[in-house]
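Shown here: entry.pdb, PDB, C-alpha atoms.
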ATOM      1  CA  MET T 186      -1.000  -3.134 -20.667
ATOM      2  CA  ALA T 187      -0.307  -6.742 -19.845
ATOM      3  CA  ASN T 188       3.340  -6.262 -18.986
ATOM      4  CA  CYS T 189       2.976  -3.076 -16.962
ATOM      5  CA  ALA T 190       4.502  -3.579 -13.512
ATOM      6  CA  MET T 191       1.743  -1.788 -11.707
ATOM      7  CA  ALA T 192       1.148  -2.239  -8.009
ATOM      8  CA  SER T 193      -1.322  -4.929  -7.017
ATOM      9  CA  VAL T 194      -3.411  -5.876  -3.998
ATOM     10  CA  GLY T 195      -3.887  -9.421  -2.715
ATOM     11  CA  THR T 196      -7.352 -10.871  -3.019
ATOM     12  CA  PRO T 197      -7.746 -11.493   0.747
ATOM     13  CA  VAL T 198      -7.856  -7.704   1.165
ATOM     14  CA  ILE T 199     -10.407  -7.422  -1.642
ATOM     15  CA  ARG T 200     -12.572 -10.143  -0.125
ATOM     16  CA  ARG T 201     -12.460  -8.604   3.333
ATOM     17  CA  ILE T 202     -13.492  -5.194   1.943
ATOM     18  CA  VAL T 203     -16.390  -6.807   0.093
ATOM     19  CA  GLN T 204     -17.326  -8.720   3.244
ATOM     20  CA  VAL T 205     -17.709  -5.553   5.351
ATOM     21  CA  SER T 206     -19.283  -3.459   2.578
ATOM     22  CA  ARG T 207     -22.732  -2.003   3.178
ATOM     23  CA  GLY T 208     -23.279  -0.884  -0.393
ATOM     24  CA  PRO T 209     -26.297  -1.864  -2.513
ATOM     25  CA  GLU T 210     -24.406  -4.417  -4.624
ATOM     26  CA  PRO T 211     -24.192  -7.963  -3.175
ATOM     27  CA  PRO T 212     -20.704  -9.355  -2.465
ATOM     28  CA  GLU T 213     -21.059 -12.041  -5.147
ATOM     29  CA  ARG T 214     -21.626  -9.431  -7.858
ATOM     30  CA  LEU T 215     -18.715  -7.254  -6.701
ATOM     31  CA  LEU T 216     -16.370 -10.243  -6.750
ATOM     32  CA  ALA T 217     -17.640 -11.464 -10.103
ATOM     33  CA  GLN T 218     -16.986  -8.049 -11.646
ATOM     34  CA  MET T 219     -13.326  -8.481 -10.674
ATOM     35  CA  GLY T 220     -13.194 -12.051 -11.959
ATOM     36  CA  LEU T 221     -13.095 -13.604  -8.481
ATOM     37  CA  PRO T 222     -15.209 -16.576  -7.362
ATOM     38  CA  ALA T 223     -17.443 -16.083  -4.345
ATOM     39  CA  ASP T 224     -16.988 -19.524  -2.770
ATOM     40  CA  VAL T 225     -13.530 -18.992  -1.233
ATOM     41  CA  ASP T 226     -12.715 -18.448   2.434
ATOM     42  CA  PRO T 227     -12.181 -14.650   2.632
ATOM     43  CA  GLY T 228      -9.517 -15.069   5.286
ATOM     44  CA  SER T 229      -7.373 -17.481   3.342
ATOM     45  CA  TRP T 230      -4.134 -16.344   1.737
ATOM     46  CA  THR T 231      -3.717 -16.585  -1.995
ATOM     47  CA  THR T 232      -1.091 -15.404  -4.409
ATOM     48  CA  GLU T 233      -3.754 -13.936  -6.707
ATOM     49  CA  ALA T 234      -3.904 -10.157  -6.878
ATOM     50  CA  VAL T 235      -5.685  -7.346  -8.683
ATOM     51  CA  ASP T 236      -4.342  -4.061 -10.026
ATOM     52  CA  VAL T 237      -4.243  -1.412  -7.298
ATOM     53  CA  GLU T 238      -6.356   0.984  -9.389
ATOM     54  CA  VAL T 239      -9.078  -1.691  -9.498
ATOM     55  CA  TYR T 240      -8.872  -1.833  -5.698
ATOM     56  CA  TYR T 241      -9.286   1.940  -5.534
ATOM     57  CA  GLU T 242     -12.308   1.730  -7.839
ATOM     58  CA  LEU T 243     -13.853  -0.906  -5.579
ATOM     59  CA  LEU T 244     -13.389   1.273  -2.488
ATOM     60  CA  GLU T 245     -14.940   4.241  -4.252
ATOM     61  CA  ARG T 246     -17.871   2.132  -5.348
ATOM     62  CA  VAL T 247     -18.665   0.569  -1.962
ATOM     63  CA  ALA T 248     -17.871   3.591   0.218
ATOM     64  CA  GLY T 249     -17.514   6.769  -1.803
ATOM     65  CA  TYR T 250     -18.292   9.767   0.347
ATOM     66  CA  HIS T 251     -21.244   8.159   2.095
ATOM     67  CA  ASP T 252     -19.693   5.408   4.219
ATOM     68  CA  PRO T 253     -16.840   6.830   6.340
ATOM     69  CA  GLY T 254     -17.036   3.794   8.632
ATOM     70  CA  LEU T 255     -15.802   1.301   5.990
ATOM     71  CA  PRO T 256     -12.080   1.481   6.959
ATOM     72  CA  PHE T 257     -12.931   0.822  10.587
ATOM     73  CA  ARG T 258     -15.207  -2.138   9.907
ATOM     74  CA  TYR T 259     -12.325  -3.463   7.818
ATOM     75  CA  GLY T 260      -9.838  -2.783  10.629
ATOM     76  CA  ARG T 261     -11.999  -4.486  13.242
ATOM     77  CA  SER T 262     -12.428  -7.512  10.979
ATOM     78  CA  ILE T 263      -8.664  -8.053  10.641
ATOM     79  CA  GLN T 264      -7.051 -10.743  12.782
ATOM     80  CA  VAL T 265      -3.296 -11.140  13.245
ATOM     81  CA  ASP T 266      -3.579 -14.717  12.012
ATOM     82  CA  ASP T 267      -4.859 -13.392   8.651
ATOM     83  CA  PHE T 268      -1.222 -12.563   7.860
ATOM     84  CA  GLY T 269      -0.066 -16.175   7.971
ATOM     85  CA  ALA T 270       3.565 -16.684   9.020
ATOM     86  CA  LEU T 271       4.040 -12.922   9.363
ATOM     87  CA  GLY T 272       1.053 -12.651  11.692
ATOM     88  CA  LEU T 273       2.332 -15.482  13.866
ATOM     89  CA  ALA T 274       5.801 -13.931  13.964
ATOM     90  CA  MET T 275       4.293 -10.634  15.095
ATOM     91  CA  LYS T 276       2.085 -12.321  17.677
ATOM     92  CA  THR T 277       4.996 -14.235  19.225
ATOM     93  CA  ALA T 278       7.453 -11.300  19.144
ATOM     94  CA  PRO T 279       8.713 -10.470  22.647
ATOM     95  CA  ARG T 280       7.944  -6.722  22.457
ATOM     96  CA  VAL T 281       5.745  -4.434  20.395
ATOM     97  CA  ARG T 282       8.862  -2.886  18.853
ATOM     98  CA  ASP T 283       9.904  -6.314  17.563
ATOM     99  CA  ALA T 284       6.433  -6.952  16.151
ATOM    100  CA  LEU T 285       6.356  -3.641  14.271
ATOM    101  CA  LEU T 286       9.862  -4.101  12.893
ATOM    102  CA  ARG T 287       8.798  -7.498  11.564
ATOM    103  CA  LEU T 288       5.858  -5.885   9.807
ATOM    104  CA  VAL T 289       8.209  -3.256   8.324
ATOM    105  CA  ARG T 290      10.643  -5.843   6.965
ATOM    106  CA  TYR T 291       8.367  -8.667   5.921
ATOM    107  CA  VAL T 292       5.183  -7.005   4.653
ATOM    108  CA  LEU T 293       6.601  -7.633   1.174
ATOM    109  CA  VAL T 294       5.772 -11.342   1.514
ATOM    110  CA  LEU T 295       2.104 -10.343   1.633
ATOM    111  CA  SER T 296       1.837  -7.345  -0.670
ATOM    112  CA  ASP T 297       3.923  -5.164  -2.959
ATOM    113  CA  THR T 298       1.630  -2.159  -2.369
ATOM    114  CA  LEU T 299       2.662  -1.347   1.194
ATOM    115  CA  SER T 300       5.827   0.000   2.734
ATOM    116  CA  TYR T 301       6.026   0.833   6.434
ATOM    117  CA  GLU T 302       8.641   2.598   8.531
ATOM    118  CA  LEU T 303       9.114   2.771  12.301
ATOM    119  CA  GLU T 304      10.607   6.212  12.847
ATOM    120  CA  GLU T 305      12.017   7.095  16.254
ATOM    121  CA  GLY T 306      12.859  10.774  16.567
ATOM    122  CA  PRO T 307      12.800  13.559  19.159
ATOM    123  CA  GLY T 308       9.078  14.064  18.598
ATOM    124  CA  GLY T 309       8.335  10.479  19.635
ATOM    125  CA  PRO T 310       8.004   7.250  17.648
ATOM    126  CA  ARG T 311       5.816   7.162  14.557
ATOM    127  CA  PHE T 312       4.677   4.189  12.495
ATOM    128  CA  LEU T 313       4.435   5.517   8.942
ATOM    129  CA  LEU T 314       2.837   4.318   5.732
ATOM    130  CA  ARG T 315       5.215   5.112   2.875
ATOM    131  CA  GLY T 316       5.149   5.053  -0.900
ATOM    132  CA  ARG T 317       1.406   5.100  -1.519
ATOM    133  CA  SER T 318      -0.204   8.141  -3.110
ATOM    134  CA  HIS T 319      -3.471   9.838  -2.161
ATOM    135  CA  HIS T 320      -4.394  11.126  -5.626
ATOM    136  CA  ARG T 321      -7.962   9.816  -5.614
ATOM    137  CA  ARG T 322     -10.643   8.976  -3.077
ATOM    138  CA  GLY T 323     -10.006   5.234  -3.382
ATOM    139  CA  ALA T 324      -6.310   5.684  -2.566
ATOM    140  CA  GLN T 325      -7.216   7.782   0.462
ATOM    141  CA  LEU T 326      -9.613   5.092   1.669
ATOM    142  CA  ALA T 327      -6.927   2.438   1.085
ATOM    143  CA  ASN T 328      -4.528   4.358   3.327
ATOM    144  CA  GLU T 329      -7.214   4.671   5.997
ATOM    145  CA  CYS T 330      -7.870   0.913   5.767
ATOM    146  CA  ALA T 331      -4.160   0.130   6.136
ATOM    147  CA  LEU T 332      -3.674   2.221   9.286
ATOM    148  CA  ALA T 333      -6.959   0.955  10.744
ATOM    149  CA  ALA T 334      -5.663  -2.613  10.255
ATOM    150  CA  VAL T 335      -2.311  -1.833  11.928
ATOM    151  CA  THR T 336      -4.167  -0.281  14.874
ATOM    152  CA  SER T 337      -6.363  -3.373  15.152
ATOM    153  CA  VAL T 338      -3.293  -5.627  15.166
ATOM    154  CA  LEU T 339      -1.644  -3.545  17.894
ATOM    155  CA  ARG T 340      -4.766  -3.875  20.034
ATOM    156  CA  GLN T 341      -4.576  -7.640  19.653
ATOM    157  CA  LEU T 342      -0.904  -7.786  20.619
ATOM    158  CA  VAL T 343      -1.181  -6.156  24.053
ATOM    159  CA  THR T 344      -3.607  -6.016  26.943
ATOM    160  CA  GLY T 345      -5.303  -2.692  27.602
ATOM    161  CA  PRO T 346      -4.995   0.605  25.692
ATOM    162  CA  ILE T 347      -2.188   0.541  23.129
ATOM    163  CA  GLY T 348      -0.932   4.080  23.652
ATOM    164  CA  LEU T 349      -1.617   6.144  20.550
ATOM    165  CA  ARG T 350      -0.908   9.869  20.750
ATOM    166  CA  GLY T 351      -2.315  10.802  17.388
ATOM    167  CA  VAL T 352      -3.046   9.794  13.796
ATOM    168  CA  SER T 353      -2.274  11.743  10.633
ATOM    169  CA  PHE T 354      -3.317  11.519   6.988
ATOM    170  CA  CYS T 355      -1.949  13.325   3.955
ATOM    171  CA  HIS T 356      -5.381  13.877   2.422
ATOM    172  CA  ALA T 357      -7.878  16.526   3.458
ATOM    173  CA  ALA T 358     -10.449  15.948   6.179
ATOM    174  CA  PRO T 359     -13.796  14.388   5.246
ATOM    175  CA  GLU T 360     -17.040  16.180   5.930
ATOM    176  CA  SER T 361     -17.030  14.574   9.406
ATOM    177  CA  ASP T 362     -14.151  12.742  11.065
ATOM    178  CA  GLU T 363     -16.185  11.543  14.028
ATOM    179  CA  PRO T 364     -15.814   7.845  12.985
ATOM    180  CA  HIS T 365     -12.036   8.343  12.894
ATOM    181  CA  ARG T 366     -11.857   9.924  16.342
ATOM    182  CA  GLU T 367     -14.148   7.222  17.727
ATOM    183  CA  TYR T 368     -11.981   4.406  16.312
ATOM    184  CA  TYR T 369      -8.557   5.791  17.225
ATOM    185  CA  ARG T 370      -9.639   7.615  20.425
ATOM    186  CA  VAL T 371      -6.969  10.266  19.837
ATOM    187  CA  PRO T 372      -6.716  13.490  17.783
ATOM    188  CA  VAL T 373      -6.666  13.007  14.004
ATOM    189  CA  ARG T 374      -4.632  15.395  11.853
ATOM    190  CA  TRP T 375      -5.510  15.965   8.205
ATOM    191  CA  SER T 376      -3.540  17.403   5.247
ATOM    192  CA  SER T 377      -0.414  16.217   7.012
ATOM    193  CA  GLU T 378       2.993  15.509   5.509
ATOM    194  CA  VAL T 379       2.724  11.808   6.434
ATOM    195  CA  ASP T 380       0.208   8.986   6.828
ATOM    196  CA  GLY T 381       0.945   7.382  10.177
ATOM    197  CA  LEU T 382       0.365   6.614  13.836
ATOM    198  CA  LEU T 383       2.031   8.702  16.554
ATOM    199  CA  LEU T 384       2.911   6.293  19.384
ATOM    200  CA  VAL T 385       3.545   6.642  23.094
ATOM    201  CA  PRO T 386       7.251   5.713  23.507
ATOM    202  CA  ALA T 387       6.494   3.188  26.243
ATOM    203  CA  LEU T 388       4.341   1.178  23.822
ATOM    204  CA  LEU T 389       7.412  -0.056  21.942
ATOM    205  CA  GLU T 390       8.812  -1.674  25.097
ATOM    206  CA  ARG T 391       5.599  -3.383  26.157
ATOM    207  CA  ARG T 392       5.564  -7.160  26.176
ATOM    208  CA  THR T 393       3.195  -8.858  23.773
ATOM    209  CA  ARG T 394       0.503 -11.108  25.220
ATOM    210  CA  LEU T 395       1.789 -14.254  23.498
ATOM    211  CA  GLY T 396       5.529 -13.591  23.247
ATOM    212  CA  ASP T 397       7.430 -16.859  22.785
ATOM    213  CA  HIS T 398      11.168 -16.718  22.037
ATOM    214  CA  GLY T 399      11.441 -20.269  20.734
ATOM    215  CA  LEU T 400       8.466 -20.152  18.381
ATOM    216  CA  SER T 401       9.383 -16.615  17.381
ATOM    217  CA  ALA T 402      12.881 -17.662  16.290
ATOM    218  CA  TYR T 403      11.475 -20.535  14.246
ATOM    219  CA  LEU T 404       8.957 -18.274  12.508
ATOM    220  CA  LEU T 405      11.610 -15.662  11.777
ATOM    221  CA  ASP T 406      13.709 -18.274   9.984
ATOM    222  CA  ARG T 407      10.701 -19.205   7.851
ATOM    223  CA  LEU T 408       9.895 -15.564   7.155
ATOM    224  CA  GLU T 409      13.472 -14.849   6.134
ATOM    225  CA  ASP T 410      13.301 -17.684   3.616
ATOM    226  CA  LEU T 411      10.032 -16.327   2.187
ATOM    227  CA  TYR T 412      11.447 -12.813   2.102
ATOM    228  CA  SER T 413      14.605 -13.919   0.309
ATOM    229  CA  GLN T 414      12.559 -15.786  -2.295
ATOM    230  CA  THR T 415      10.374 -12.718  -2.841
ATOM    231  CA  VAL T 416      13.290 -10.287  -3.101
ATOM    232  CA  ASP T 417      15.323 -12.581  -5.300
ATOM    233  CA  ARG T 418      12.528 -12.928  -7.849
ATOM    234  CA  SER T 419      13.291  -9.492  -9.263
ATOM    235  CA  LEU T 420      14.447  -6.263  -7.737
ATOM    236  CA  ALA T 421      13.568  -4.606 -11.045
ATOM    237  CA  HIS T 422       9.923  -5.579 -10.563
ATOM    238  CA  ARG T 423       9.870  -4.136  -7.046
ATOM    239  CA  VAL T 424      11.439  -0.895  -8.264
ATOM    240  CA  SER T 425       8.863  -0.690 -11.058
ATOM    241  CA  VAL T 426       6.003  -1.182  -8.596
ATOM    242  CA  ALA T 427       7.443   1.473  -6.255
ATOM    243  CA  VAL T 428       7.730   3.956  -9.116
ATOM    244  CA  ALA T 429       4.222   3.189 -10.427
ATOM    245  CA  SER T 430       2.686   3.605  -6.967
ATOM    246  CA  SER T 431       4.263   7.034  -6.503
ATOM    247  CA  LEU T 432       3.661   8.542  -9.954
ATOM    248  CA  PRO T 433       0.521  10.571  -9.033
ATOM    249  CA  ASP T 434       2.757  12.516  -6.620
ATOM    250  CA  GLY T 435       5.443  12.995  -9.311
ATOM    251  CA  GLN T 436       8.170  10.654 -10.494
ATOM    252  CA  PRO T 437      10.111   9.518  -7.389
ATOM    253  CA  SER T 438      13.876   9.892  -7.260
ATOM    254  CA  LYS T 439      16.252   6.948  -7.058
ATOM    255  CA  SER T 440      17.035   7.857  -3.430
ATOM    256  CA  GLN T 441      13.331   7.864  -2.507
ATOM    257  CA  VAL T 442      12.760   4.437  -4.038
ATOM    258  CA  ALA T 443      15.944   3.066  -2.468
ATOM    259  CA  ARG T 444      14.767   4.186   0.958
ATOM    260  CA  GLN T 445      11.318   2.720   0.425
ATOM    261  CA  LEU T 446      12.826  -0.663  -0.494
ATOM    262  CA  GLY T 447      15.357  -0.633   2.351
ATOM    263  CA  TYR T 448      18.537  -0.041   0.307
ATOM    264  CA  SER T 449      21.122   2.677   0.045
ATOM    265  CA  GLU T 450      21.070   4.468  -3.305
ATOM    266  CA  ARG T 451      24.444   2.949  -4.204
ATOM    267  CA  THR T 452      23.304  -0.596  -3.349
ATOM    268  CA  LEU T 453      20.122  -0.170  -5.379
ATOM    269  CA  HIS T 454      22.170   1.037  -8.362
ATOM    270  CA  ARG T 455      24.557  -1.922  -8.094
ATOM    271  CA  ARG T 456      21.861  -4.579  -7.684
ATOM    272  CA  LEU T 457      19.844  -3.234 -10.604
ATOM    273  CA  ALA T 458      23.001  -3.240 -12.726
ATOM    274  CA  ASP T 459      23.558  -6.883 -11.733
ATOM    275  CA  GLU T 460      20.104  -7.616 -13.218
ATOM    276  CA  GLY T 461      20.935  -5.634 -16.361
ATOM    277  CA  HIS T 462      18.772  -2.607 -15.564
ATOM    278  CA  SER T 463      19.105   1.039 -14.623
ATOM    279  CA  PHE T 464      16.718   3.048 -12.480
ATOM    280  CA  GLN T 465      16.043   5.601 -15.215
ATOM    281  CA  GLU T 466      15.273   2.870 -17.759
ATOM    282  CA  LEU T 467      12.751   1.246 -15.423
ATOM    283  CA  ALA T 468      11.147   4.555 -14.441
ATOM    284  CA  THR T 469      10.704   5.539 -18.082
ATOM    285  CA  GLN T 470       9.256   2.137 -18.966
ATOM    286  CA  VAL T 471       6.770   2.325 -16.092
ATOM    287  CA  ARG T 472       5.634   5.824 -17.070
ATOM    288  CA  ARG T 473       5.152   4.809 -20.685
ATOM    289  CA  GLU T 474       3.259   1.605 -19.867
ATOM    290  CA  ALA T 475       1.108   3.414 -17.289
ATOM    291  CA  ALA T 476       0.311   6.163 -19.812
ATOM    292  CA  GLU T 477      -0.613   3.654 -22.524
ATOM    293  CA  SER T 478      -2.785   1.693 -20.111
ATOM    294  CA  LEU T 479      -4.654   4.815 -18.975
ATOM    295  CA  LEU T 480      -5.085   6.096 -22.533
ATOM    296  CA  GLN T 481      -6.399   2.736 -23.691
ATOM    297  CA  ARG T 482      -9.039   2.704 -20.960
ATOM    298  CA  GLY T 483     -10.442   5.932 -22.380
ATOM    299  CA  THR T 484     -11.896   7.055 -19.041
ATOM    300  CA  HIS T 485      -9.350   9.792 -18.264
ATOM    301  CA  SER T 486      -8.682  13.130 -19.929
ATOM    302  CA  LEU T 487      -5.200  13.800 -21.304
ATOM    303  CA  THR T 488      -4.617  16.221 -18.432
ATOM    304  CA  ASP T 489      -5.521  13.508 -15.919
ATOM    305  CA  VAL T 490      -3.240  10.974 -17.633
ATOM    306  CA  ALA T 491      -0.382  13.472 -17.478
ATOM    307  CA  PHE T 492      -0.970  13.993 -13.753
ATOM    308  CA  LEU T 493      -1.335  10.281 -12.978
ATOM    309  CA  THR T 494       1.949   9.488 -14.722
ATOM    310  CA  GLY T 495       3.941  12.100 -12.822
ATOM    311  CA  PHE T 496       4.206  14.970 -15.306
ATOM    312  CA  SER T 497       3.961  18.607 -14.256
ATOM    313  CA  ASP T 498       1.606  19.487 -17.105
ATOM    314  CA  GLN T 499       0.035  18.139 -20.278
ATOM    315  CA  ALA T 500       2.631  19.762 -22.535
ATOM    316  CA  ALA T 501       5.516  17.949 -20.824
ATOM    317  CA  PHE T 502       3.571  14.691 -21.042
ATOM    318  CA  THR T 503       2.850  15.180 -24.753
ATOM    319  CA  ARG T 504       6.533  15.827 -25.533
ATOM    320  CA  ALA T 505       7.640  12.715 -23.647
ATOM    321  CA  PHE T 506       4.923  10.507 -25.136
ATOM    322  CA  LYS T 507       5.759  11.637 -28.681
ATOM    323  CA  ARG T 508       9.421  10.840 -27.984
ATOM    324  CA  TRP T 509       8.437   7.321 -26.827
ATOM    325  CA  THR T 510       5.954   6.445 -29.567
ATOM    326  CA  GLY T 511       6.336   8.960 -32.396
ATOM    327  CA  ARG T 512       2.708  10.061 -31.868
ATOM    328  CA  THR T 513       0.889  12.442 -29.557
ATOM    329  CA  PRO T 514      -1.255  10.909 -26.771
ATOM    330  CA  GLY T 515      -4.391  11.875 -28.677
ATOM    331  CA  GLN T 516      -3.193  10.259 -31.893
ATOM    332  CA  TRP T 517      -2.142   7.121 -30.031
ATOM    333  CA  ARG T 518      -5.529   6.860 -28.264
ATOM    334  CA  VAL T 519      -7.369   7.083 -31.600
ATOM    335  CA  SER T 520      -5.110   4.427 -33.157
ATOM    336  CA  VAL T 521      -5.856   1.852 -30.446
ATOM    337  CA  GLY T 522      -9.469   2.784 -29.974
TER     338      GLY T 522
END

Rewrite the structure of this file - the entire thing - as structure tokens.
Amino acid sequence: MANCAMASVGTPVIRRIVQVSRGPEPPERLLAQMGLPADVDPGSWTTEAVDVEVYYELLERVAGYHDPGLPFRYGRSIQVDDFGALGLAMKTAPRVRDALLRLVRYVLVLSDTLSYELEEGPGGPRFLLRGRSHHRRGAQLANECALAAVTSVLRQLVTGPIGLRGVSFCHAAPESDEPHREYYRVPVRWSSEVDGLLLVPALLERRTRLGDHGLSAYLLDRLEDLYSQTVDRSLAHRVSVAVASSLPDGQPSKSQVARQLGYSERTLHRRLADEGHSFQELATQVRREAAESLLQRGTHSLTDVAFLTGFSDQAAFTRAFKRWTGRTPGQWRVSVG
């Protein structure tokens, strides 16, 4: 549906994936199928974006189960400068901890599909990817691409080994994880409770190669302006994207979304009320629009649509959909077909 606040991915990511693809389809055709021109610098930033499910479809098409090295070619191709002001702010941060915290806070200026967290607990620091599901192969590959890119950035920030202790993914292991172990050079854990990098504590205190306090302060001011403009556009939109991204794992709670967006639950409630919205209203709207969009595509069974919109079973989905529209999902699909 045109107004559905689904998560999206910036076209620089799409172009870089196409650039490192080894599939049979030429890059120009892949881009054209997504309505993107071929004659654009793939490293340049643009505000254009594509629906995240289209991104997942692209990854499945160019990699599938036969190209486990795609995330690592993507990771190696990433340069810190690709992130614009955020990349420069990370590069000039005095310590690795500062650089990672900047990525956590300001990644929103680049994409509304990613949410990171630097967690420091008794088991050692972890840099975690939050809020993105792993319900299909394309989503799993997207998560692998994201952590491969973060690892590549860390390797550019410091001299010598970065100090990883391990890597974990929520999805099950592929047929062979040799490319993963070769890229990360540490043990890789599968079917984990988190997607993330387990760090050596000393890494956070290491100085970056190009740390510059003066330039760093200037870039932080610019980033804060960009961040404020992004946040101020609409908290309701960001909440809707967070809910839509998490639906394949079940409808997220208000507290989960608040944490993902960096708010307390009370603050999120108050700020949404200031915009004239409630969390439940937005969550229901997102589920309905996502369901209608999936039904209209006609490529998913009713059971799959129920799962992808966060329902425990098809019966619960049918009851909710009939309450929203007055028709069953099957009747609605026939009426728009």

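Taking atom CA of T:Asp410 as the reference point, atom CA of T:Leu303 is found at 22.6 Å.
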
Quick one: apply the PyMOL selection byres ((chain T and resi 369-377) around 7) to the file and drop the selected residues here as a short mmCIF file (atom, residue, chain, number, x, y, z; two decimals) with C-alpha atoms, in the frame of the given file.
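Wrote expr-v9.cif, looks like this:
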data_model
loop_
_atom_site.label_atom_id
_atom_site.label_comp_id
_atom_site.auth_asym_id
_atom_site.auth_seq_id
_atom_site.Cartn_x
_atom_site.Cartn_y
_atom_site.Cartn_z
CA LEU T 349 -1.62 6.14 20.55
CA ARG T 350 -0.91 9.87 20.75
CA GLY T 351 -2.32 10.80 17.39
CA VAL T 352 -3.05 9.79 13.80
CA SER T 353 -2.27 11.74 10.63
CA PHE T 354 -3.32 11.52 6.99
CA CYS T 355 -1.95 13.32 3.96
CA HIS T 356 -5.38 13.88 2.42
CA ALA T 357 -7.88 16.53 3.46
CA ALA T 358 -10.45 15.95 6.18
CA HIS T 365 -12.04 8.34 12.89
CA ARG T 366 -11.86 9.92 16.34
CA GLU T 367 -14.15 7.22 17.73
CA TYR T 368 -11.98 4.41 16.31
CA GLU T 378 2.99 15.51 5.51
CA VAL T 379 2.72 11.81 6.43
#

query = Expanded to explicit residues, what is the PyMOL selection byres ((chain T and resi 246) around 10) for this file, as a ChimeraX atom specification?
reply = /T:206,208-210,215,240-245,247-250,323

Within 12 Å of T:Ala500 using all atoms listed in the file, minus same-chain residues under 6 positions, as a CSV table (one decimal) with C-alpha atoms, keeping the file's coordinate frame:
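The resulting file, selection16.csv, is shown below:
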chain,number,residue,atom,x,y,z
T,487,LEU,CA,-5.2,13.8,-21.3
T,488,THR,CA,-4.6,16.2,-18.4
T,490,VAL,CA,-3.2,11.0,-17.6
T,491,ALA,CA,-0.4,13.5,-17.5
T,492,PHE,CA,-1.0,14.0,-13.8
T,506,PHE,CA,4.9,10.5,-25.1
T,507,LYS,CA,5.8,11.6,-28.7
T,513,THR,CA,0.9,12.4,-29.6
T,514,PRO,CA,-1.3,10.9,-26.8

request  = Could you tell me which of T:Ala505, T:Leu216, T:Val265, T:Leu273 comes closest to T:Ile202 if we count all atoms listed in the file?
outcome  = T:Leu216

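As for atom CA of T:Met275 and atom CA of T:Tyr259, they are spaced 19.5 Å apart.
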
request  = Find the residues near T:Pro253: any atom within 10 Å, counting all atoms listed in the file, skip ones fewer than 2 places away on the same chain, and give them as a count of residues only.
outcome  = 17

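From atom CA of T:Leu288 back to atom CA of T:Gly396, the distance works out to 15.5 Å.
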
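Applied to the file shown here, the PyMOL selection byres ((chain T and resi 266) around 12) selects Gly228, Ser229, Trp230, Ser262, Ile263, Gln264, Val265, Asp267, Phe268, Gly269, Ala270, Leu271, Gly272, Leu273, Ala274, Met275, Lys276, Thr277, Val338, Gln341 and Leu342 of chain T.
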
query = Which residue out of T:Thr336, T:Ser193, T:Thr510, T:Gln516 has the minimum interatomic distance to T:Gln470 when all atoms listed in the file are used?
reply =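 Of T:Thr336, T:Ser193, T:Thr510, T:Gln516, the one nearest T:Gln470, counting all atoms listed in the file, is T:Thr510.
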
key: Neighbours of point (3.5, -0.4, 5.7) within 8 Å, using only C-alpha atoms, written as a list in words   = Leu288, Val289, Val292, Leu299, Ser300, Tyr301, Glu302, Leu313, Leu314, Arg315 and Ala331 of chain T

query = Which residue out of T:Leu467, T:Val198, T:Leu395, T:Leu432 has the minimum interatomic distance to T:Ser497 when only C-alpha atoms are used?
reply = T:Leu432

request  = Name the residues, using the chain letters and numbers of the file, that sit within 9 Å of (-13.8, -8.2, -2.9) when counting all atoms listed in the file, and give them as a ChimeraX atom specification.
outcome  = /T:196-204,212-213,215-217,219,221,223,227,240,243

message = Restricting the calculation to only C-alpha atoms: of T:Ala284, T:Ala421, T:Phe312, T:Pro386, which residue gets closest to T:Gly461?
response = T:Ala421

Work out where the centre of an axis-aligned box around every listed atom of stretch 370-373 of chain T lies and how long its edges are once 4 Å is added on each side; give both in Å to one decimal as lines of an AutoDock Vina configuration file.
center_x = -8.2
center_y = 10.6
center_z = 17.2
size_x = 11.0
size_y = 13.9
size_z = 14.4
